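Student: Pasting target-v7.txt here (compact mmCIF, C-alpha atoms and all ligand atoms):
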```txt
# COMPACT_ATOMS: atom_id res chain seq x y z
CA MET S 821 6.83 -8.04 11.90
CA ALA S 822 8.92 -6.22 9.34
CA ASN S 823 8.41 -2.74 10.75
CA PRO S 824 6.39 -1.39 13.64
CA GLN S 825 2.89 -0.07 13.30
CA MET S 826 2.88 3.49 12.07
CA VAL S 827 0.77 5.85 14.19
CA MET S 828 0.31 9.59 14.25
CA TYR S 829 -0.96 11.69 17.16
CA ASP S 830 -2.32 15.25 17.21
CA GLU S 831 0.70 16.73 18.93
CA GLU S 832 3.27 15.34 16.51
CA PHE S 833 1.00 16.02 13.55
CA ARG S 834 0.97 19.71 14.49
CA GLN S 835 4.73 19.76 15.00
CA ILE S 836 5.29 18.14 11.63
CA ASN S 837 3.02 20.60 9.85
CA THR S 838 4.75 23.54 11.50
CA VAL S 839 8.11 22.28 10.28
CA LEU S 840 6.74 21.67 6.77
CA GLU S 841 5.13 25.12 6.62
CA LYS S 842 8.46 26.66 7.54
CA LEU S 843 10.23 24.67 4.84
CA LEU S 844 7.60 25.77 2.33
CA ARG S 845 8.24 29.44 3.12
CA GLU S 846 12.01 29.29 3.38
CA SER S 847 12.52 27.22 0.24
CA HIS S 848 9.96 29.18 -1.81
CA SER S 849 8.48 25.90 -2.99
CA LYS S 850 4.92 25.25 -4.20
CA VAL S 851 3.89 22.22 -2.26
CA ILE S 852 5.43 19.72 0.14
CA PHE S 853 4.30 16.21 1.00
CA LEU S 854 5.37 13.76 3.61
CA VAL S 855 4.76 10.14 2.63
CA ASP S 856 5.20 6.87 4.46
CA LYS S 857 7.54 4.41 2.71
CA ASN S 858 4.54 2.11 2.21
CA GLY S 859 2.85 4.73 0.04
CA GLN S 860 0.50 6.40 2.48
CA LEU S 861 0.25 10.15 2.70
CA ILE S 862 1.15 11.55 6.13
CA SER S 863 0.70 15.25 5.50
CA GLY S 864 0.93 17.96 2.88
CA VAL S 865 1.28 21.76 2.90
CA GLY S 866 1.01 24.42 0.20
CA ASP S 867 -1.02 24.02 -2.98
CA THR S 868 -2.18 20.51 -2.10
CA GLU S 869 -5.63 20.78 -3.74
CA LYS S 870 -4.02 20.96 -7.16
CA PHE S 871 -2.62 17.46 -6.80
CA ASP S 872 -4.00 13.95 -6.63
CA THR S 873 -2.25 13.39 -3.33
CA THR S 874 -3.13 9.71 -2.92
CA SER S 875 -1.67 8.79 -6.32
CA LEU S 876 1.32 10.99 -5.69
CA ALA S 877 2.04 9.24 -2.41
CA SER S 878 1.78 5.77 -3.91
CA LEU S 879 3.96 6.57 -6.91
CA THR S 880 6.57 8.33 -4.79
CA ALA S 881 6.86 5.30 -2.55
CA GLY S 882 7.09 3.06 -5.62
CA ASN S 883 9.80 5.30 -7.01
CA ILE S 884 11.80 5.22 -3.76
CA ALA S 885 11.35 1.47 -3.52
CA ALA S 886 12.54 0.94 -7.10
CA THR S 887 15.59 3.19 -6.76
CA GLY S 888 16.33 1.56 -3.40
CA GLY S 889 16.37 -1.79 -5.21
CA LEU S 890 18.73 -0.31 -7.81
CA ALA S 891 21.00 1.03 -5.07
CA LYS S 892 21.36 -2.41 -3.52
CA LEU S 893 22.22 -3.88 -6.92
CA ILE S 894 25.20 -1.58 -7.25
CA GLY S 895 26.23 -1.98 -3.63
CA GLU S 896 24.80 1.23 -2.18
CA LYS S 897 22.57 1.24 0.88
CA GLU S 898 20.05 3.60 -0.68
CA PHE S 899 19.92 6.81 -2.66
CA SER S 900 18.80 9.26 -0.03
CA ILE S 901 17.99 12.05 -2.49
CA LEU S 902 16.26 11.92 -5.88
CA PHE S 903 15.78 14.87 -8.14
CA HIS S 904 13.49 15.04 -11.18
CA GLU S 905 13.68 18.09 -13.39
CA GLY S 906 10.67 19.13 -15.42
CA GLU S 907 10.01 21.96 -17.85
CA LYS S 908 8.27 24.05 -15.19
CA ASP S 909 8.12 22.08 -11.99
CA ASN S 910 10.81 20.05 -10.30
CA LEU S 911 10.58 17.26 -7.79
CA HIS S 912 13.01 16.87 -4.89
CA ILE S 913 12.55 13.62 -2.99
CA SER S 914 14.49 12.61 0.09
CA ILE S 915 14.32 9.97 2.80
CA VAL S 916 13.92 11.16 6.37
CA ALA S 917 14.61 9.13 9.50
CA GLY S 918 14.99 6.03 7.34
CA ARG S 919 11.26 5.53 6.90
CA VAL S 920 9.42 8.59 5.62
CA ILE S 921 9.73 10.39 2.32
CA LEU S 922 9.81 14.15 1.96
CA VAL S 923 8.62 15.44 -1.43
CA VAL S 924 9.20 19.08 -2.40
CA ILE S 925 7.73 20.48 -5.61
CA PHE S 926 9.21 23.77 -6.76
CA ASP S 927 9.52 25.94 -9.86
CA SER S 928 11.84 28.70 -11.06
CA ARG S 929 11.03 30.89 -8.06
CA SER S 930 13.34 28.59 -6.13
CA SER S 931 16.44 26.59 -6.99
CA LEU S 932 17.83 23.14 -6.40
CA GLY S 933 20.58 24.56 -4.21
CA LEU S 934 18.18 26.39 -1.94
CA VAL S 935 15.78 23.45 -1.67
CA ARG S 936 18.60 21.07 -0.89
CA LEU S 937 19.94 23.35 1.83
CA ARG S 938 16.58 23.88 3.53
CA VAL S 939 15.57 20.24 3.24
CA LYS S 940 18.68 19.26 5.11
CA LYS S 941 17.75 21.36 8.10
CA THR S 942 14.14 20.21 7.99
CA SER S 943 15.21 16.56 7.85
CA ASP S 944 17.00 16.86 11.17
CA GLU S 945 13.96 18.41 12.81
CA LEU S 946 11.63 15.77 11.35
CA THR S 947 13.95 12.99 12.45
CA GLY S 948 13.64 14.23 16.02
CA ILE S 949 9.86 14.31 15.82
CA PHE S 950 9.62 10.81 14.34
CA GLU S 951 11.96 9.34 16.91
CA GLY S 952 9.78 10.83 19.64
CA LEU S 953 6.69 9.49 17.93
CA LEU S 954 8.08 5.98 17.78
CA LYS S 955 9.01 6.05 21.45
CA LYS S 956 5.60 7.35 22.41
CA ALA S 957 3.82 4.62 20.45
CA GLU S 958 6.02 1.96 22.06
CA GLU S 959 5.37 3.28 25.54
CA ARG S 960 1.65 3.41 25.03
CA GLU S 961 1.70 -0.14 23.79
CA LYS S 962 3.72 -1.30 26.80
CA GLN S 963 1.37 0.39 29.23
CA GLY S 964 -1.55 -1.08 27.32
CA THR S 965 -3.09 2.40 27.22
CA SER S 966 -3.58 2.42 23.50
CA ASP S 967 -6.60 4.55 22.65
CA PHE S 968 -7.07 2.27 19.72
CA PRO S 969 -10.42 2.88 18.06
CA PHE S 970 -10.95 -0.61 16.72
CA ALA S 971 -10.93 -2.61 19.91
CA GLU S 972 -14.72 -2.45 20.02
CA ILE S 973 -15.35 -3.08 16.36
CA THR S 974 -18.17 -5.47 15.45
CA ASP S 975 -18.98 -7.61 12.43
CA ASP S 976 -21.79 -5.18 11.62
CA ASP S 977 -19.34 -2.27 11.49
CA ILE S 978 -17.31 -4.13 8.92
CA ASP S 979 -20.31 -5.26 6.86
CA ASN S 980 -21.62 -1.69 6.77
CA LEU S 981 -18.49 -0.56 4.97
CA PHE S 982 -19.52 -2.55 1.93
CA SER S 983 -23.22 -1.88 1.93
CA MET X 399 1.72 -2.09 8.12
CA SER X 400 -1.47 -0.17 8.49
CA PHE X 401 -1.09 3.49 9.30
CA ILE X 402 -3.32 4.92 12.03
CA ASN X 403 -3.56 8.69 12.06
CA TYR X 404 -5.22 9.89 15.25
CA ALA X 405 -4.81 13.49 14.12
CA SER X 406 -6.84 13.21 10.90
CA ARG X 407 -8.79 10.20 12.20
CA GLU X 408 -7.84 7.93 9.34
CA ILE X 409 -6.68 4.41 9.04
CA ASN X 410 -4.94 3.10 5.92
CA CYS X 411 -4.44 -0.55 5.03
CA LYS X 412 -2.56 -2.14 2.16
CA ILE X 413 -3.93 -5.15 0.29
CA VAL X 414 -1.81 -6.95 -2.31
CA TYR X 415 -3.27 -9.16 -5.07
CA TYR X 416 -0.71 -11.84 -5.90
CA GLY X 417 -0.72 -14.66 -8.44
CA PRO X 418 0.77 -15.95 -11.69
CA GLY X 419 0.81 -13.87 -14.86
CA LEU X 420 -2.61 -13.44 -16.53
CA CYS X 421 -4.57 -15.01 -13.66
CA GLY X 422 -6.81 -11.92 -13.45
CA LYS X 423 -5.34 -9.63 -10.76
CA THR X 424 -5.65 -6.46 -12.80
CA THR X 425 -9.15 -7.50 -13.88
CA ASN X 426 -10.16 -7.79 -10.19
CA LEU X 427 -9.09 -4.20 -9.55
CA GLN X 428 -10.76 -2.95 -12.72
CA HIS X 429 -14.04 -4.47 -11.65
CA VAL X 430 -13.80 -2.95 -8.17
CA TYR X 431 -13.02 0.39 -9.77
CA GLN X 432 -15.98 0.23 -12.15
CA LYS X 433 -18.45 -0.73 -9.45
CA THR X 434 -17.36 1.72 -6.78
CA ALA X 435 -19.07 5.08 -6.35
CA PRO X 436 -16.91 8.01 -7.52
CA GLU X 437 -16.69 9.55 -4.05
CA ALA X 438 -15.35 6.32 -2.59
CA LYS X 439 -12.45 5.79 -4.96
CA GLY X 440 -9.35 7.53 -6.19
CA LYS X 441 -7.72 7.23 -9.56
CA MET X 442 -6.64 3.76 -10.62
CA ILE X 443 -3.01 3.78 -11.64
CA SER X 444 -1.62 1.06 -13.87
CA LEU X 445 2.08 0.99 -14.57
CA ALA X 446 1.83 -1.33 -17.55
CA THR X 447 3.70 -2.23 -20.72
CA GLU X 448 2.37 -1.25 -24.12
CA THR X 449 0.63 -4.60 -24.33
CA GLU X 450 -1.25 -3.96 -21.05
CA ARG X 451 0.81 -6.35 -18.98
CA THR X 452 1.47 -5.06 -15.49
CA LEU X 453 5.02 -3.72 -15.37
CA PHE X 454 5.37 -2.53 -11.79
CA PHE X 455 1.97 -2.40 -10.12
CA ASP X 456 -1.68 -1.40 -10.37
CA PHE X 457 -2.92 0.80 -7.57
CA LEU X 458 -6.48 1.56 -6.50
CA PRO X 459 -7.27 3.60 -3.38
CA LEU X 460 -10.68 3.00 -1.79
CA ALA X 461 -12.25 5.05 0.97
CA LEU X 462 -15.21 2.94 1.90
CA GLY X 463 -16.52 4.73 4.93
CA GLU X 464 -16.08 5.25 8.61
CA ILE X 465 -15.73 2.86 11.48
CA ARG X 466 -16.04 4.35 14.94
CA GLY X 467 -15.35 7.80 13.54
CA PHE X 468 -12.25 6.74 11.65
CA LYS X 469 -12.10 7.03 7.86
CA THR X 470 -11.14 3.59 6.68
CA ARG X 471 -9.08 3.41 3.52
CA PHE X 472 -7.84 0.39 1.64
CA HIS X 473 -5.02 0.66 -0.86
CA LEU X 474 -5.24 -2.17 -3.38
CA TYR X 475 -2.09 -3.19 -5.25
CA THR X 476 -1.41 -5.92 -7.81
CA VAL X 477 2.00 -7.33 -8.60
CA PRO X 478 3.38 -8.17 -12.05
CA GLY X 479 2.97 -11.92 -12.41
CA GLN X 480 5.74 -12.91 -14.78
CA VAL X 481 8.59 -14.77 -13.13
CA PHE X 482 11.26 -12.28 -14.18
CA TYR X 483 9.61 -9.38 -12.30
CA ASP X 484 10.47 -10.86 -8.93
CA ALA X 485 12.40 -7.80 -7.73
CA SER X 486 9.33 -5.61 -8.27
CA ARG X 487 7.05 -8.07 -6.48
CA LYS X 488 9.23 -7.92 -3.39
CA LEU X 489 8.99 -4.14 -3.29
CA ILE X 490 5.22 -4.15 -3.51
CA LEU X 491 4.90 -6.57 -0.59
CA LYS X 492 6.58 -4.05 1.73
CA GLY X 493 4.20 -2.97 4.46
CA VAL X 494 1.41 -5.31 3.32
CA ASP X 495 -1.54 -5.84 5.68
CA GLY X 496 -3.31 -8.59 3.77
CA VAL X 497 -2.87 -10.76 0.68
CA VAL X 498 -5.31 -12.08 -1.93
CA PHE X 499 -3.90 -14.96 -3.93
CA VAL X 500 -5.64 -15.12 -7.30
CA ALA X 501 -5.30 -18.60 -8.75
CA ASP X 502 -5.90 -19.34 -12.43
CA SER X 503 -8.23 -22.36 -12.37
CA GLN X 504 -7.18 -23.64 -15.79
CA GLU X 505 -5.40 -27.00 -15.79
CA GLU X 506 -2.47 -25.76 -17.82
CA ARG X 507 -1.80 -23.00 -15.27
CA PHE X 508 -1.56 -25.36 -12.33
CA ASP X 509 2.23 -25.36 -12.10
CA ALA X 510 2.27 -21.58 -12.45
CA ASN X 511 -0.09 -21.29 -9.48
CA ILE X 512 2.11 -23.49 -7.31
CA GLU X 513 5.23 -21.62 -8.31
CA SER X 514 3.59 -18.28 -7.58
CA ILE X 515 2.24 -19.19 -4.14
CA GLU X 516 5.65 -20.57 -3.14
CA ASN X 517 7.22 -17.38 -4.41
CA LEU X 518 4.73 -15.40 -2.31
CA ARG X 519 5.62 -17.31 0.84
CA PHE X 520 9.32 -16.91 0.18
CA ASN X 521 9.19 -13.19 -0.62
CA LEU X 522 7.12 -12.51 2.49
CA GLN X 523 9.62 -14.42 4.61
CA GLU X 524 12.38 -12.27 3.22
CA GLN X 525 10.54 -9.22 4.56
CA GLY X 526 9.99 -10.83 7.94
CA TYR X 527 6.37 -11.88 7.39
CA ASP X 528 4.84 -15.32 7.80
CA LEU X 529 2.03 -16.03 5.32
CA ASP X 530 0.27 -18.18 7.94
CA GLN X 531 0.12 -15.22 10.34
CA LEU X 532 -1.08 -12.69 7.78
CA PRO X 533 -4.68 -11.97 6.72
CA PHE X 534 -4.87 -14.14 3.61
CA VAL X 535 -7.62 -15.29 1.24
CA ILE X 536 -7.58 -17.28 -1.99
CA GLN X 537 -9.64 -16.71 -5.12
CA TYR X 538 -10.09 -19.45 -7.71
CA ASN X 539 -10.58 -17.33 -10.81
CA LYS X 540 -11.75 -18.04 -14.37
CA ARG X 541 -14.39 -20.54 -13.24
CA ASP X 542 -16.26 -19.78 -16.49
CA LEU X 543 -13.68 -21.53 -18.66
CA PRO X 544 -14.17 -25.15 -19.79
CA ASN X 545 -10.73 -26.53 -18.93
CA VAL X 546 -10.72 -25.79 -15.21
CA MET X 547 -9.69 -28.05 -12.36
CA THR X 548 -12.23 -28.76 -9.63
CA VAL X 549 -12.13 -26.60 -6.53
CA ASP X 550 -11.30 -29.71 -4.49
CA GLU X 551 -8.19 -30.31 -6.56
CA LEU X 552 -7.11 -26.68 -6.34
CA ARG X 553 -7.78 -26.53 -2.62
CA ARG X 554 -5.66 -29.58 -1.91
CA GLU X 555 -2.56 -27.96 -3.36
CA LEU X 556 -3.14 -24.26 -2.80
CA ASN X 557 -5.12 -24.07 0.43
CA PRO X 558 -4.02 -26.80 2.84
CA THR X 559 -4.56 -24.54 5.87
CA GLY X 560 -8.14 -23.70 4.91
CA VAL X 561 -8.05 -19.90 4.62
CA PRO X 562 -11.24 -18.27 3.24
CA GLU X 563 -11.61 -19.11 -0.45
CA PHE X 564 -13.83 -17.89 -3.26
CA GLU X 565 -14.74 -18.99 -6.77
CA ALA X 566 -14.69 -16.11 -9.21
CA CYS X 567 -15.03 -14.91 -12.74
CA ALA X 568 -13.27 -11.58 -12.54
CA ALA X 569 -14.10 -10.88 -16.17
CA THR X 570 -17.80 -10.60 -15.22
CA GLY X 571 -17.13 -9.54 -11.64
CA GLU X 572 -18.51 -12.63 -10.00
CA GLY X 573 -16.78 -13.26 -6.67
CA VAL X 574 -14.68 -10.11 -6.85
CA PHE X 575 -16.35 -8.16 -4.04
CA GLU X 576 -16.80 -11.27 -1.91
CA THR X 577 -13.02 -11.70 -2.06
CA LEU X 578 -12.29 -8.08 -1.25
CA LYS X 579 -14.76 -8.00 1.59
CA ALA X 580 -13.23 -11.13 3.11
CA ILE X 581 -9.68 -9.80 3.10
CA ALA X 582 -10.80 -6.40 4.41
CA LYS X 583 -12.60 -8.12 7.23
CA LEU X 584 -9.59 -10.22 8.19
CA ILE X 585 -7.40 -7.11 8.24
CA LEU X 586 -9.82 -5.20 10.46
CA ILE X 587 -10.15 -8.16 12.81
CA ASP X 588 -6.36 -8.26 12.99
CA LEU X 589 -6.33 -4.57 13.87
CA LYS X 590 -8.92 -5.16 16.51
CA LYS X 591 -6.57 -7.56 18.21
CA GLY X 592 -4.26 -4.56 18.38
CA LYS X 593 -1.39 -6.14 16.49
N1 LIG C 1001 -12.50 -16.16 -19.15
C1 LIG C 1001 -12.01 -15.38 -18.20
N2 LIG C 1001 -11.01 -14.54 -18.49
C2 LIG C 1001 -10.52 -13.76 -17.50
C3 LIG C 1001 -11.04 -13.81 -16.19
N3 LIG C 1001 -10.36 -12.93 -15.42
C4 LIG C 1001 -9.45 -12.34 -16.24
N4 LIG C 1001 -9.55 -12.83 -17.50
C5 LIG C 1001 -8.73 -12.47 -18.67
O1 LIG C 1001 -7.40 -12.89 -18.47
C6 LIG C 1001 -6.48 -11.99 -19.07
C7 LIG C 1001 -5.44 -11.54 -18.07
O2 LIG C 1001 -6.05 -10.79 -17.04
P1 LIG C 1001 -5.25 -9.73 -16.17
O3 LIG C 1001 -6.18 -9.19 -15.16
O4 LIG C 1001 -4.52 -8.77 -17.02
O5 LIG C 1001 -4.17 -10.69 -15.47
P2 LIG C 1001 -3.00 -10.33 -14.45
O6 LIG C 1001 -1.74 -10.61 -15.17
O7 LIG C 1001 -3.19 -11.26 -13.31
O8 LIG C 1001 -3.14 -8.89 -14.05
C8 LIG C 1001 -7.32 -10.84 -19.60
O9 LIG C 1001 -7.51 -11.04 -20.98
C9 LIG C 1001 -8.63 -10.96 -18.86
O10 LIG C 1001 -9.72 -10.48 -19.59
C10 LIG C 1001 -12.11 -14.74 -15.91
O11 LIG C 1001 -12.63 -14.85 -14.80
N5 LIG C 1001 -12.54 -15.50 -16.96
MG MG C 1002 -1.77 -7.34 -14.16
```
Hey, can you dump this file as structure tokens for me?

Tutor:
Amino acid sequence: MANPQMVMYDEEFRQINTVLEKLLRESHSKVIFLVDKNGQLISGVGDTEKFDTTSLASLTAGNIAATGGLAKLIGEKEFSILFHEGEKDNLHISIVAGRVILVVIFDSRSSLGLVRLRVKKTSDELTGIFEGLLKKAEEREKQGTSDFPFAEITDDDIDNLFS
Amino acid sequence: MSFINYASREINCKIVYYGPGLCGKTTNLQHVYQKTAPEAKGKMISLATETERTLFFDFLPLALGEIRGFKTRFHLYTVPGQVFYDASRKLILKGVDGVVFVADSQEERFDANIESIENLRFNLQEQGYDLDQLPFVIQYNKRDLPNVMTVDELRRELNPTGVPEFEACAATGEGVFETLKAIAKLILIDLKKGK
């Protein structure tokens, strides 16, 4: 298949949130999201209730996909950082570990320079976590010890979803 | 690829509605949106031109309920059907878990259907997917119109492998949920196999 199954475990989820919380504080930003390249939200910290996070995740992934297509057209591999400047809020989007998207929303209490600097450090930490995560998922699969919840699923379970 | 989050106990799957321009993909999503309880759906996003043609994609997130303690979410996408939007279609297929092909049953759209389903197979291959290995269902839409081909004729060309198929009139909603339910089921069965 095109890319391996994406999984998230408690331990890595906590590590990721710790790193994101730190970025939030050190960059003085309002809210930070981590999104899978396929458009699924992985996590968010800060003022997340003020945003429609599902839509945000999908549109961010669409945006990265579209600019990635543009990059290829002009002979670049990808644009690893995108920046959108608004009247009040700004959007800093970057690709981490080749497959997840880090979205930082900030206003005039911060600056592009500061966000860029802090994001760089955070990216390295996140890359480490995601590499570990991938390895862990692979190992579990090899051992056949996947604690996969759907192995026991029945037709009734599925039908109930639509009732 | 579906995303399983053991930490928040969620599972997310991506369904793409594919088919020629004006076959009724957006109408399918609109019907699902209208008939789904507010707490089970997110906002429907349509990136469309001023004349309501899909420009990049439509997006509808559904959170239908729980299976074995896991919140099960389906993210529904449509692609822009017109031939010249091929680059966008490829992007939307990334990470797909299941495909609905919406065929336009009208005689004059027959060639467009064939072209679109071949385009689907080709674009999937480019991403490393094989349509025959993927959860896949076909919907014969616009059955209410007078100039339609018979389902037998459509099946012969569009569904030689016999994947689940449904007659529909997306404009009234007939067949829309049957189609969605079928693709969701195939995706979950696929997950069960632990792919
Ligand atoms: N008669 C009829 N018209 C339909 C049906 N489904 C969609 N349409 C119409 O076909 C046109 C194109 O539909 P749309 O969903 O935008 O097509 P898309 O390009 O595949 O997204 C619209 O005017 C719809 O109202 C159907 O089942 N019967
Ligand atoms: Mg459309």

Student: Ligand LIG 1001 (chain C): which residues are within 6 Å, counting only C-alpha atoms and all ligand atoms, as a ChimeraX atom specification?

Tutor: /X:419-425,479,539-540,542-543,567-569

Student: Do you have the CA of Leu861 in chain S-atom MG of ligand MG 1002 (chain C) distance handy?

Tutor: 24.4 Å

Student: Using only C-alpha atoms and all ligand atoms, which residues of the polymer chains come no farther than 10 Å from ligand MG 1002 (chain C)? I'd like the answer as a PDB file with C-alpha atoms, in the frame of the given file.

Tutor:
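The resulting file, part_7.pdb, is shown below:
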```
ATOM      1  CA  TYR X 415      -3.270  -9.160  -5.070  1.00  0.00           C
ATOM      2  CA  TYR X 416      -0.710 -11.840  -5.900  1.00  0.00           C
ATOM      3  CA  GLY X 417      -0.720 -14.660  -8.440  1.00  0.00           C
ATOM      4  CA  PRO X 418       0.770 -15.950 -11.690  1.00  0.00           C
ATOM      5  CA  GLY X 419       0.810 -13.870 -14.860  1.00  0.00           C
ATOM      6  CA  LEU X 420      -2.610 -13.440 -16.530  1.00  0.00           C
ATOM      7  CA  CYS X 421      -4.570 -15.010 -13.660  1.00  0.00           C
ATOM      8  CA  GLY X 422      -6.810 -11.920 -13.450  1.00  0.00           C
ATOM      9  CA  LYS X 423      -5.340  -9.630 -10.760  1.00  0.00           C
ATOM     10  CA  THR X 424      -5.650  -6.460 -12.800  1.00  0.00           C
ATOM     11  CA  THR X 425      -9.150  -7.500 -13.880  1.00  0.00           C
ATOM     12  CA  ASN X 426     -10.160  -7.790 -10.190  1.00  0.00           C
ATOM     13  CA  LEU X 427      -9.090  -4.200  -9.550  1.00  0.00           C
ATOM     14  CA  SER X 444      -1.620   1.060 -13.870  1.00  0.00           C
ATOM     15  CA  LEU X 445       2.080   0.990 -14.570  1.00  0.00           C
ATOM     16  CA  ALA X 446       1.830  -1.330 -17.550  1.00  0.00           C
ATOM     17  CA  THR X 447       3.700  -2.230 -20.720  1.00  0.00           C
ATOM     18  CA  GLU X 450      -1.250  -3.960 -21.050  1.00  0.00           C
ATOM     19  CA  ARG X 451       0.810  -6.350 -18.980  1.00  0.00           C
ATOM     20  CA  THR X 452       1.470  -5.060 -15.490  1.00  0.00           C
ATOM     21  CA  LEU X 453       5.020  -3.720 -15.370  1.00  0.00           C
ATOM     22  CA  PHE X 454       5.370  -2.530 -11.790  1.00  0.00           C
ATOM     23  CA  PHE X 455       1.970  -2.400 -10.120  1.00  0.00           C
ATOM     24  CA  ASP X 456      -1.680  -1.400 -10.370  1.00  0.00           C
ATOM     25  CA  TYR X 475      -2.090  -3.190  -5.250  1.00  0.00           C
ATOM     26  CA  THR X 476      -1.410  -5.920  -7.810  1.00  0.00           C
ATOM     27  CA  VAL X 477       2.000  -7.330  -8.600  1.00  0.00           C
ATOM     28  CA  PRO X 478       3.380  -8.170 -12.050  1.00  0.00           C
ATOM     29  CA  GLY X 479       2.970 -11.920 -12.410  1.00  0.00           C
ATOM     30  CA  GLN X 480       5.740 -12.910 -14.780  1.00  0.00           C
TER      31      GLN X 480
END
```

Student: Counting all atoms listed in the file, which residues of chain S fall within 9 Å of chain X, and what is the closest atom pair for each with its distance in Å at one decimal, ordered by chain and rising number, as a Markdown table?

Tutor:
```
| residue | atom | partner | partner_atom | distance |
| --- | --- | --- | --- | --- |
| S:Met821 | CA | X:Gly526 | CA | 5.8 |
| S:Ala822 | CA | X:Gly526 | CA | 4.9 |
| S:Asn823 | CA | X:Met399 | CA | 7.2 |
| S:Pro824 | CA | X:Met399 | CA | 7.3 |
| S:Gln825 | CA | X:Met399 | CA | 5.7 |
| S:Met826 | CA | X:Phe401 | CA | 4.8 |
| S:Val827 | CA | X:Ile402 | CA | 4.7 |
| S:Met828 | CA | X:Asn403 | CA | 4.5 |
| S:Tyr829 | CA | X:Tyr404 | CA | 5.0 |
| S:Asp830 | CA | X:Ala405 | CA | 4.3 |
| S:Glu831 | CA | X:Ala405 | CA | 8.0 |
| S:Glu832 | CA | X:Ala405 | CA | 8.6 |
| S:Phe833 | CA | X:Ala405 | CA | 6.4 |
| S:Arg834 | CA | X:Ala405 | CA | 8.5 |
| S:Asp856 | CA | X:Phe401 | CA | 8.6 |
| S:Lys857 | CA | X:Gly493 | CA | 8.3 |
| S:Asn858 | CA | X:Gly493 | CA | 5.6 |
| S:Gly859 | CA | X:His473 | CA | 8.9 |
| S:Gln860 | CA | X:Asn410 | CA | 7.2 |
| S:Ile862 | CA | X:Asn403 | CA | 8.1 |
| S:Asp872 | CA | X:Lys441 | CA | 8.2 |
| S:Thr874 | CA | X:Gly440 | CA | 7.4 |
| S:Ser875 | CA | X:Lys441 | CA | 7.0 |
| S:Ser878 | CA | X:Phe457 | CA | 7.8 |
| S:Leu879 | CA | X:Ile443 | CA | 8.9 |
| S:Gly882 | CA | X:Ile490 | CA | 7.7 |
| S:Ala885 | CA | X:Leu489 | CA | 6.1 |
| S:Ala886 | CA | X:Leu489 | CA | 7.3 |
| S:Gly889 | CA | X:Ala485 | CA | 7.6 |
| S:Ser966 | CA | X:Gly592 | CA | 8.7 |
| S:Phe968 | CA | X:Gly592 | CA | 7.5 |
| S:Pro969 | CA | X:Arg466 | CA | 6.6 |
| S:Phe970 | CA | X:Lys590 | CA | 5.0 |
| S:Ala971 | CA | X:Lys590 | CA | 4.7 |
| S:Glu972 | CA | X:Lys590 | CA | 7.3 |
| S:Ile973 | CA | X:Lys590 | CA | 6.8 |
| S:Thr974 | CA | X:Ile587 | CA | 8.9 |
| S:Asp975 | CA | X:Lys583 | CA | 8.2 |
| S:Asp977 | CA | X:Ile465 | CA | 6.3 |
| S:Ile978 | CA | X:Lys583 | CA | 6.4 |
| S:Asp979 | CA | X:Lys579 | CA | 8.1 |
| S:Asn980 | CA | X:Gly463 | CA | 8.4 |
| S:Leu981 | CA | X:Gly463 | CA | 5.6 |
| S:Phe982 | CA | X:Leu462 | CA | 7.0 |
```

Student: At what distance in Å, to one decimal, does CA of Val430 in chain X lie from CA of Ala510 in chain X?

Tutor: 25.0 Å

Student: Just checking: using all atoms listed in the file, which residue out of X:Thr577, X:Gly496, X:Thr570, X:Phe472 ends up closest to Gln432 in chain X?

Tutor: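 Comparing X:Thr577, X:Gly496, X:Thr570, X:Phe472 against Gln432 in chain X, the winner is X:Thr570.
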
Student: Go through S:Gly895, S:Lys955, S:Arg929, S:Val855 one by one, measure the shortest atom-to-atom distance of each to Ala881 in chain S using only C-alpha atoms, and give the residue with the smallest value.

Tutor: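 Looking only at the distances to Ala881 in chain S, the closest residue turns out to be S:Val855.
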
Student: Asp530 in chain X: which residues within 10 Å, counting all atoms listed in the file, same-chain residues fewer than 5 positions away excluded, as a ChimeraX atom specification?

Tutor: /X:519,559,561

Student: So how many Å separate CA of Val935 in chain S and CA of Leu876 in chain S, to one decimal?

Tutor: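 CA of Leu876 in chain S lies 19.5 Å from CA of Val935 in chain S.
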
Student: Would you pick out the contacts of Gln537 in chain X at 9 Å or less, using only C-alpha atoms, so that residues sharing its chain but fewer than 4 positions from it are not included, and give the list as a list of chain:residue names?

Tutor: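 Once the nearby chain positions are removed, what remains is X:Val498, X:Phe499, X:Val500, X:Ala501, X:Asp502, X:Pro562, X:Glu563, X:Phe564, X:Glu565, X:Ala566, X:Gly573, X:Val574, X:Thr577.
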
Student: So, with all atoms listed in the file as the atoms that count, which of S:Ile884, S:His912, S:Val924, S:Ala891 lies closest to Thr868 in chain S?

Tutor: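 The closest residue to Thr868 in chain S is S:Val924.
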
Student: Which is closest to Thr838 in chain S among S:Leu932, S:Thr942, S:Lys962, S:Phe871, if we use all atoms listed in the file?

Tutor: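 Closest candidate: S:Thr942.
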
Student: Please identify all polymer residues within 9 Å of Ser914 in chain S, counting all atoms listed in the file, omitting same-chain residues fewer than 3 positions from it, and present them as a PyMOL selection string.

Tutor: chain S and resi 884+899-903+920-924+939+943

Student: If you count only C-alpha atoms, which residues fall within 12 Å of Lys842 in chain S, apart from same-chain ones fewer than 2 positions away, as a ChimeraX atom specification?

Tutor: /S:835-840,844-849,851-852,865-866,938-939,941-942,945-946

Student: Considering all atoms listed in the file, state which residue in the set X:Gln428, X:Ala435, X:Thr449, X:Arg507 is at the smallest distance from Ser983 in chain S.

Tutor: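 Nearest candidate to Ser983 in chain S out of X:Gln428, X:Ala435, X:Thr449, X:Arg507: X:Ala435.
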